[in-house]
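structure35.txt follows; it contains compact mmCIF, C-alpha atoms.
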# COMPACT_ATOMS: atom_id res chain seq x y z
CA MET A 27 -24.29 32.03 5.33
CA ILE A 28 -25.57 29.81 2.50
CA THR A 29 -29.25 28.93 2.18
CA VAL A 30 -30.35 26.41 -0.45
CA ASN A 31 -34.12 26.27 -0.74
CA ASP A 32 -35.89 23.59 -2.79
CA VAL A 33 -33.27 23.70 -5.56
CA SER A 34 -33.37 21.61 -8.73
CA LEU A 35 -30.65 21.57 -11.40
CA ASN A 36 -30.63 20.18 -14.92
CA ARG A 37 -27.95 18.69 -17.13
CA GLY A 38 -29.31 19.12 -20.64
CA THR A 39 -32.86 17.81 -20.53
CA ARG A 40 -32.29 15.65 -17.45
CA THR A 41 -32.95 16.84 -13.90
CA VAL A 42 -30.00 15.71 -11.78
CA ILE A 43 -30.72 17.56 -8.52
CA HIS A 44 -34.24 17.27 -7.13
CA ASN A 45 -35.67 19.83 -4.69
CA VAL A 46 -32.69 20.02 -2.34
CA SER A 47 -32.79 22.27 0.72
CA LEU A 48 -29.94 22.80 3.19
CA GLU A 49 -28.12 25.48 5.13
CA VAL A 50 -24.44 26.17 5.71
CA PRO A 51 -24.32 28.48 8.73
CA ALA A 52 -21.43 30.56 9.98
CA GLY A 53 -19.09 28.56 12.21
CA GLN A 54 -19.86 25.19 10.63
CA CYS A 55 -18.34 22.75 8.17
CA VAL A 56 -21.05 21.00 6.17
CA ALA A 57 -20.02 17.94 4.16
CA LEU A 58 -21.77 16.34 1.20
CA VAL A 59 -21.28 12.62 0.66
CA GLY A 60 -22.75 10.03 -1.67
CA PRO A 61 -21.77 7.55 -4.37
CA ASN A 62 -20.31 8.52 -7.73
CA GLY A 63 -22.90 10.23 -9.89
CA SER A 64 -25.15 11.19 -7.00
CA GLY A 65 -25.01 14.89 -7.92
CA LYS A 66 -22.56 16.31 -5.38
CA SER A 67 -20.44 18.31 -7.83
CA THR A 68 -23.50 19.48 -9.74
CA LEU A 69 -25.09 20.77 -6.55
CA LEU A 70 -21.84 22.55 -5.66
CA GLY A 71 -21.83 24.15 -9.11
CA GLY A 72 -25.27 25.59 -8.45
CA ILE A 73 -24.27 26.84 -5.02
CA THR A 74 -21.14 28.56 -6.35
CA GLY A 75 -23.17 30.26 -9.06
CA ASP A 76 -21.31 28.49 -11.87
CA LEU A 77 -24.41 26.52 -12.91
CA GLY A 78 -27.85 27.98 -13.37
CA ILE A 79 -30.60 26.43 -11.27
CA ALA A 80 -33.86 25.20 -12.77
CA ASP A 81 -35.98 25.87 -9.70
CA GLY A 82 -35.71 27.06 -6.12
CA SER A 83 -33.33 29.65 -4.69
CA ILE A 84 -29.78 29.96 -3.36
CA GLN A 85 -28.76 32.84 -1.12
CA ILE A 86 -25.54 34.00 0.48
CA ASP A 87 -26.22 36.11 3.57
CA GLU A 88 -29.85 36.41 2.44
CA VAL A 89 -28.85 37.82 -0.98
CA PRO A 90 -29.77 35.70 -4.05
CA ILE A 91 -26.61 34.64 -5.85
CA ALA A 92 -28.18 35.79 -9.11
CA ASP A 93 -28.01 39.34 -7.73
CA LEU A 94 -24.25 39.14 -7.06
CA ASP A 95 -21.71 39.86 -9.78
CA ASN A 96 -18.51 37.85 -10.20
CA LEU A 97 -16.38 40.20 -8.10
CA GLU A 98 -18.92 40.24 -5.28
CA LEU A 99 -19.08 36.45 -5.34
CA ALA A 100 -15.28 36.20 -5.35
CA LYS A 101 -15.15 38.25 -2.15
CA LEU A 102 -17.71 35.99 -0.47
CA ARG A 103 -16.75 32.45 -1.45
CA ALA A 104 -13.58 30.72 -2.60
CA VAL A 105 -13.96 27.57 -4.67
CA MET A 106 -11.71 24.54 -5.13
CA THR A 107 -12.95 22.39 -7.98
CA GLN A 108 -12.48 18.66 -8.37
CA GLN A 109 -10.14 19.04 -11.34
CA VAL A 110 -7.09 21.18 -10.52
CA SER A 111 -5.04 22.34 -13.50
CA VAL A 112 -2.83 25.29 -14.45
CA SER A 113 -2.28 25.88 -18.15
CA PHE A 114 0.85 28.04 -18.07
CA GLY A 115 4.27 27.87 -16.46
CA PHE A 116 3.47 29.78 -13.29
CA ALA A 117 5.48 29.29 -10.12
CA VAL A 118 3.67 28.04 -7.04
CA ARG A 119 3.83 31.46 -5.34
CA GLU A 120 2.29 33.11 -8.39
CA VAL A 121 -0.63 30.68 -8.37
CA VAL A 122 -1.30 31.32 -4.69
CA GLN A 123 -1.08 35.08 -5.32
CA MET A 124 -3.93 34.69 -7.83
CA GLY A 125 -6.20 34.14 -4.87
CA ARG A 126 -5.68 37.79 -3.91
CA SER A 127 -7.17 39.07 -7.20
CA PRO A 128 -10.58 40.09 -5.78
CA TRP A 129 -8.85 42.49 -3.39
CA ARG A 130 -6.71 44.27 -5.99
CA GLY A 131 -7.01 48.03 -5.57
CA THR A 132 -8.44 47.78 -2.05
CA ASP A 133 -6.81 48.32 1.34
CA ALA A 134 -6.79 44.53 1.78
CA SER A 135 -4.17 44.26 -0.97
CA ASN A 136 -1.63 45.77 1.41
CA ASP A 137 -1.58 42.38 3.16
CA ASP A 138 -1.05 40.32 0.00
CA ASP A 139 2.52 39.17 0.71
CA GLU A 140 1.79 38.28 4.32
CA VAL A 141 -1.37 36.37 3.42
CA VAL A 142 0.36 34.44 0.65
CA ASN A 143 3.23 33.48 2.95
CA GLN A 144 0.79 32.29 5.62
CA CYS A 145 -1.12 30.18 3.10
CA LEU A 146 2.06 28.61 1.71
CA ALA A 147 3.01 27.64 5.26
CA ALA A 148 -0.47 26.35 6.11
CA MET A 149 -0.35 23.93 3.18
CA ASP A 150 3.29 22.93 3.75
CA ILE A 151 4.46 24.23 0.37
CA VAL A 152 6.92 26.99 1.34
CA HIS A 153 9.74 24.84 -0.07
CA LEU A 154 7.87 24.65 -3.39
CA ALA A 155 7.20 28.40 -3.72
CA ASP A 156 9.51 28.98 -6.69
CA ARG A 157 8.90 25.67 -8.43
CA PRO A 158 6.84 25.60 -11.68
CA VAL A 159 3.45 24.04 -11.03
CA GLN A 160 3.94 21.67 -13.99
CA ALA A 161 6.74 20.01 -12.00
CA LEU A 162 4.47 19.11 -9.08
CA SER A 163 2.85 15.83 -8.15
CA GLY A 164 -0.93 15.59 -8.00
CA GLY A 165 -0.91 15.90 -4.22
CA GLU A 166 1.40 18.91 -4.28
CA LEU A 167 -0.79 20.60 -6.88
CA ALA A 168 -3.87 20.00 -4.70
CA ARG A 169 -2.13 21.72 -1.79
CA VAL A 170 -1.26 24.68 -4.03
CA ALA A 171 -4.90 24.92 -5.08
CA MET A 172 -6.02 24.92 -1.45
CA ALA A 173 -3.44 27.60 -0.59
CA ARG A 174 -4.87 29.76 -3.39
CA VAL A 175 -8.36 29.26 -1.97
CA LEU A 176 -7.20 30.26 1.50
CA ALA A 177 -5.42 33.32 0.10
CA GLN A 178 -8.70 34.58 -1.27
CA SER A 179 -9.68 35.39 2.34
CA THR A 180 -13.40 34.80 1.94
CA PRO A 181 -15.92 33.97 4.68
CA ILE A 182 -17.08 30.87 2.76
CA LEU A 183 -15.02 27.96 1.45
CA ILE A 184 -16.54 25.58 -1.13
CA LEU A 185 -14.31 22.56 -1.75
CA ASP A 186 -14.95 19.64 -4.10
CA GLU A 187 -12.99 16.53 -3.01
CA PRO A 188 -9.99 18.54 -1.77
CA THR A 189 -8.38 15.53 -0.04
CA ALA A 190 -8.63 13.08 -2.96
CA ALA A 191 -4.95 13.31 -4.00
CA LEU A 192 -3.47 13.82 -0.54
CA ASP A 193 -1.64 11.49 1.82
CA LEU A 194 -2.94 11.00 5.36
CA ARG A 195 -0.88 13.79 6.93
CA HIS A 196 -1.86 16.38 4.36
CA GLN A 197 -5.51 15.33 4.45
CA GLN A 198 -5.51 16.10 8.14
CA GLU A 199 -3.64 19.38 7.69
CA LEU A 200 -6.09 20.58 5.05
CA LEU A 201 -9.14 19.69 7.10
CA GLU A 202 -7.61 21.28 10.19
CA CYS A 203 -7.31 24.49 8.13
CA VAL A 204 -11.00 24.19 7.32
CA LYS A 205 -11.85 23.73 10.99
CA ARG A 206 -9.78 26.79 11.96
CA HIS A 207 -11.66 28.75 9.32
CA THR A 208 -15.04 27.77 10.75
CA ALA A 209 -13.85 28.26 14.33
CA GLY A 210 -13.09 31.84 13.35
CA GLY A 211 -16.67 32.37 12.20
CA GLY A 212 -16.38 31.30 8.56
CA ALA A 213 -18.41 28.59 6.82
CA ALA A 214 -17.33 25.63 4.70
CA LEU A 215 -19.17 23.35 2.29
CA ILE A 216 -17.06 20.37 1.29
CA VAL A 217 -17.53 17.23 -0.79
CA LEU A 218 -15.73 14.17 0.62
CA HIS A 219 -15.63 10.48 -0.23
CA ASP A 220 -13.91 9.22 2.92
CA LEU A 221 -16.79 8.74 5.36
CA SER A 222 -14.56 8.44 8.43
CA LEU A 223 -12.82 11.73 7.56
CA THR A 224 -16.26 13.23 7.07
CA ALA A 225 -17.34 12.02 10.50
CA ALA A 226 -14.17 13.39 12.10
CA TYR A 227 -14.35 16.92 10.70
CA ALA A 228 -17.89 17.80 9.60
CA ASP A 229 -20.42 19.48 11.87
CA SER A 230 -23.29 18.43 9.60
CA VAL A 231 -23.50 15.91 6.76
CA GLY A 232 -25.81 15.73 3.76
CA VAL A 233 -26.15 12.38 1.98
CA LEU A 234 -27.03 12.54 -1.71
CA SER A 235 -28.43 9.66 -3.74
CA GLU A 236 -29.54 10.02 -7.37
CA GLY A 237 -29.82 13.77 -6.96
CA ASN A 238 -31.93 13.60 -3.79
CA LEU A 239 -30.87 14.70 -0.33
CA VAL A 240 -31.85 11.56 1.57
CA ALA A 241 -30.42 12.55 4.97
CA PHE A 242 -29.06 15.65 6.66
CA GLY A 243 -27.83 16.00 10.23
CA SER A 244 -24.91 15.39 12.54
CA PRO A 245 -22.38 12.65 11.61
CA GLN A 246 -23.75 10.53 14.46
CA GLU A 247 -27.28 10.83 13.08
CA VAL A 248 -26.53 10.42 9.38
CA LEU A 249 -23.49 8.16 8.98
CA VAL A 250 -25.26 5.02 10.11
CA PRO A 251 -25.84 1.67 8.37
CA GLU A 252 -29.57 2.36 8.05
CA VAL A 253 -28.73 5.24 5.70
CA LEU A 254 -25.43 4.21 4.14
CA ASP A 255 -26.21 0.58 3.24
CA ALA A 256 -29.04 1.65 0.93
CA VAL A 257 -27.27 4.66 -0.58
CA TYR A 258 -23.98 2.87 -1.33
CA GLU A 259 -25.60 -0.50 -2.06
CA THR A 260 -23.15 -2.24 0.22
CA GLU A 261 -23.01 -3.16 3.88
CA VAL A 262 -21.02 -0.98 6.26
CA ILE A 263 -20.04 -1.23 9.89
CA THR A 264 -19.80 1.80 12.18
CA MET A 265 -17.66 2.01 15.29
CA THR A 266 -17.09 4.78 17.77
CA HIS A 267 -13.73 6.54 17.92
CA PRO A 268 -12.36 5.97 21.43
CA ARG A 269 -11.23 9.59 21.91
CA THR A 270 -13.63 11.75 19.91
CA GLY A 271 -16.80 9.68 20.11
CA ARG A 272 -17.35 10.20 16.39
CA PRO A 273 -18.23 7.37 13.99
CA ILE A 274 -15.68 5.33 12.07
CA ILE A 275 -17.15 3.73 8.96
CA ILE A 276 -15.69 0.67 7.24
CA PRO A 277 -17.02 -1.92 4.76
CA ALA A 278 -18.57 -4.94 6.44

Conversion result in structure tokens:
Amino acid sequence: MITVNDVSLNRGTRTVIHNVSLEVPAGQCVALVGPNGSGKSTLLGGITGDLGIADGSIQIDEVPIADLDNLELAKLRAVMTQQVSVSFGFAVREVVQMGRSPWRGTDASNDDDEVVNQCLAAMDIVHLADRPVQALSGGELARVAMARVLAQSTPILILDEPTAALDLRHQQELLECVKRHTAGGGAALIVLHDLSLTAAYADSVGVLSEGNLVAFGSPQEVLVPEVLDAVYETEVITMTHPRTGRPIIIPA
């Protein structure tokens, strides 16, 4: 669904993403990992169309994102940014309803109430539906933001550190929602810091270091000490989960 071909991005006069190529196919969750400042959020900004690219190309379903207007993009990909904030005194339900905006005036809008209710339930925030968002904790606000993303009903989810403010249960619930989305034929591109969570839920993993994609493949191929020790400049140990067979990564 997403094809990134030899993309470079600049911040001012400095190139921060160098010739990155990757694909996010239908039915897969692709995770980006790497240390702080490695370029993960910048790369996501290019892929969403929010940042202009200096070189290369980005396509959604073989259409260059530069050829898609804002409404077309909003019907194709829903984005959860790293910083979640709401400036006005909206209730939780109203914020989630904002995710339905791209479908206003279409037949899909007939399902707005049902979709919103399903998304509130998926993120365990039904009991918060009438509460002002300013009264929420950071974790609750993150779940509202994810519910809004789900309500947008797009084939592609692009999520920047969506689990950062969440407790263990809600981390798992959010990532299970992502897996259900991809199991239904959608695609997801997600930035994560927890490497063991990444290994548990991602189909493919890209490792960024100083704006370079230094490894891309399955969690078993990529989340190994030979890659991670150099990228994170610290020693890690990997173990195998006894039930799933996926890696567990911890500091040495």

Among the residues A:Asn238, A:Asn136, A:Thr29, A:Gln246, the one that comes closest to A:Gly65 [using all atoms listed in the file]: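 So, comparing all the options, the nearest one is A:Asn238.
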
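In this model, the gap between atom CA of A:Leu176 and atom CA of A:Leu94 comes to 21.0 Å.
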
Next item on the list: Could you give me, as a ChimeraX atom specification, the residues within 7 Å of stretch 189-200 of chain A, counting all atoms listed in the file and dropping anything in the same chain fewer than 4 positions from it?
Entry: /A:149,164-165,168,204

Using only C-alpha atoms, the best pick from A:Ser127, A:Asn62, A:Gln144, A:Gln178 as closest to A:Leu102 would be A:Gln178

Next item on the list: Name the closest residue to A:Val105 among the candidates A:Val262, A:Met172, A:Ile43, A:Ile28; distances are taken between atoms, counting all atoms listed in the file.
Entry: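 Using all atoms listed in the file, the shortest distance to A:Val105 belongs to A:Met172.
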
task: Kindly indicate which residue among A:Ser47, A:Val121, A:Pro61, A:Met27 lies nearest to A:Pro90, using all atoms listed in the file for the distances.
output: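 Of all the options, A:Met27 lies closest to A:Pro90.
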
Margin query: Here is a test: counting all atoms listed in the file, which residue of A:Val118, A:Leu35, A:Ala148, A:Ala228 is nearest to A:Leu77?
Written below: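 Among A:Val118, A:Leu35, A:Ala148, A:Ala228, it is A:Leu35 that comes nearest to A:Leu77.
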
Report as a ChimeraX atom specification all protein, DNA and RNA residues lying within 7 Å of stretch 248-251 of chain A, evaluated on all atoms listed in the file, omitting residues in the same chain fewer than 4 positions from it.
/A:231,241-244,255,262-264
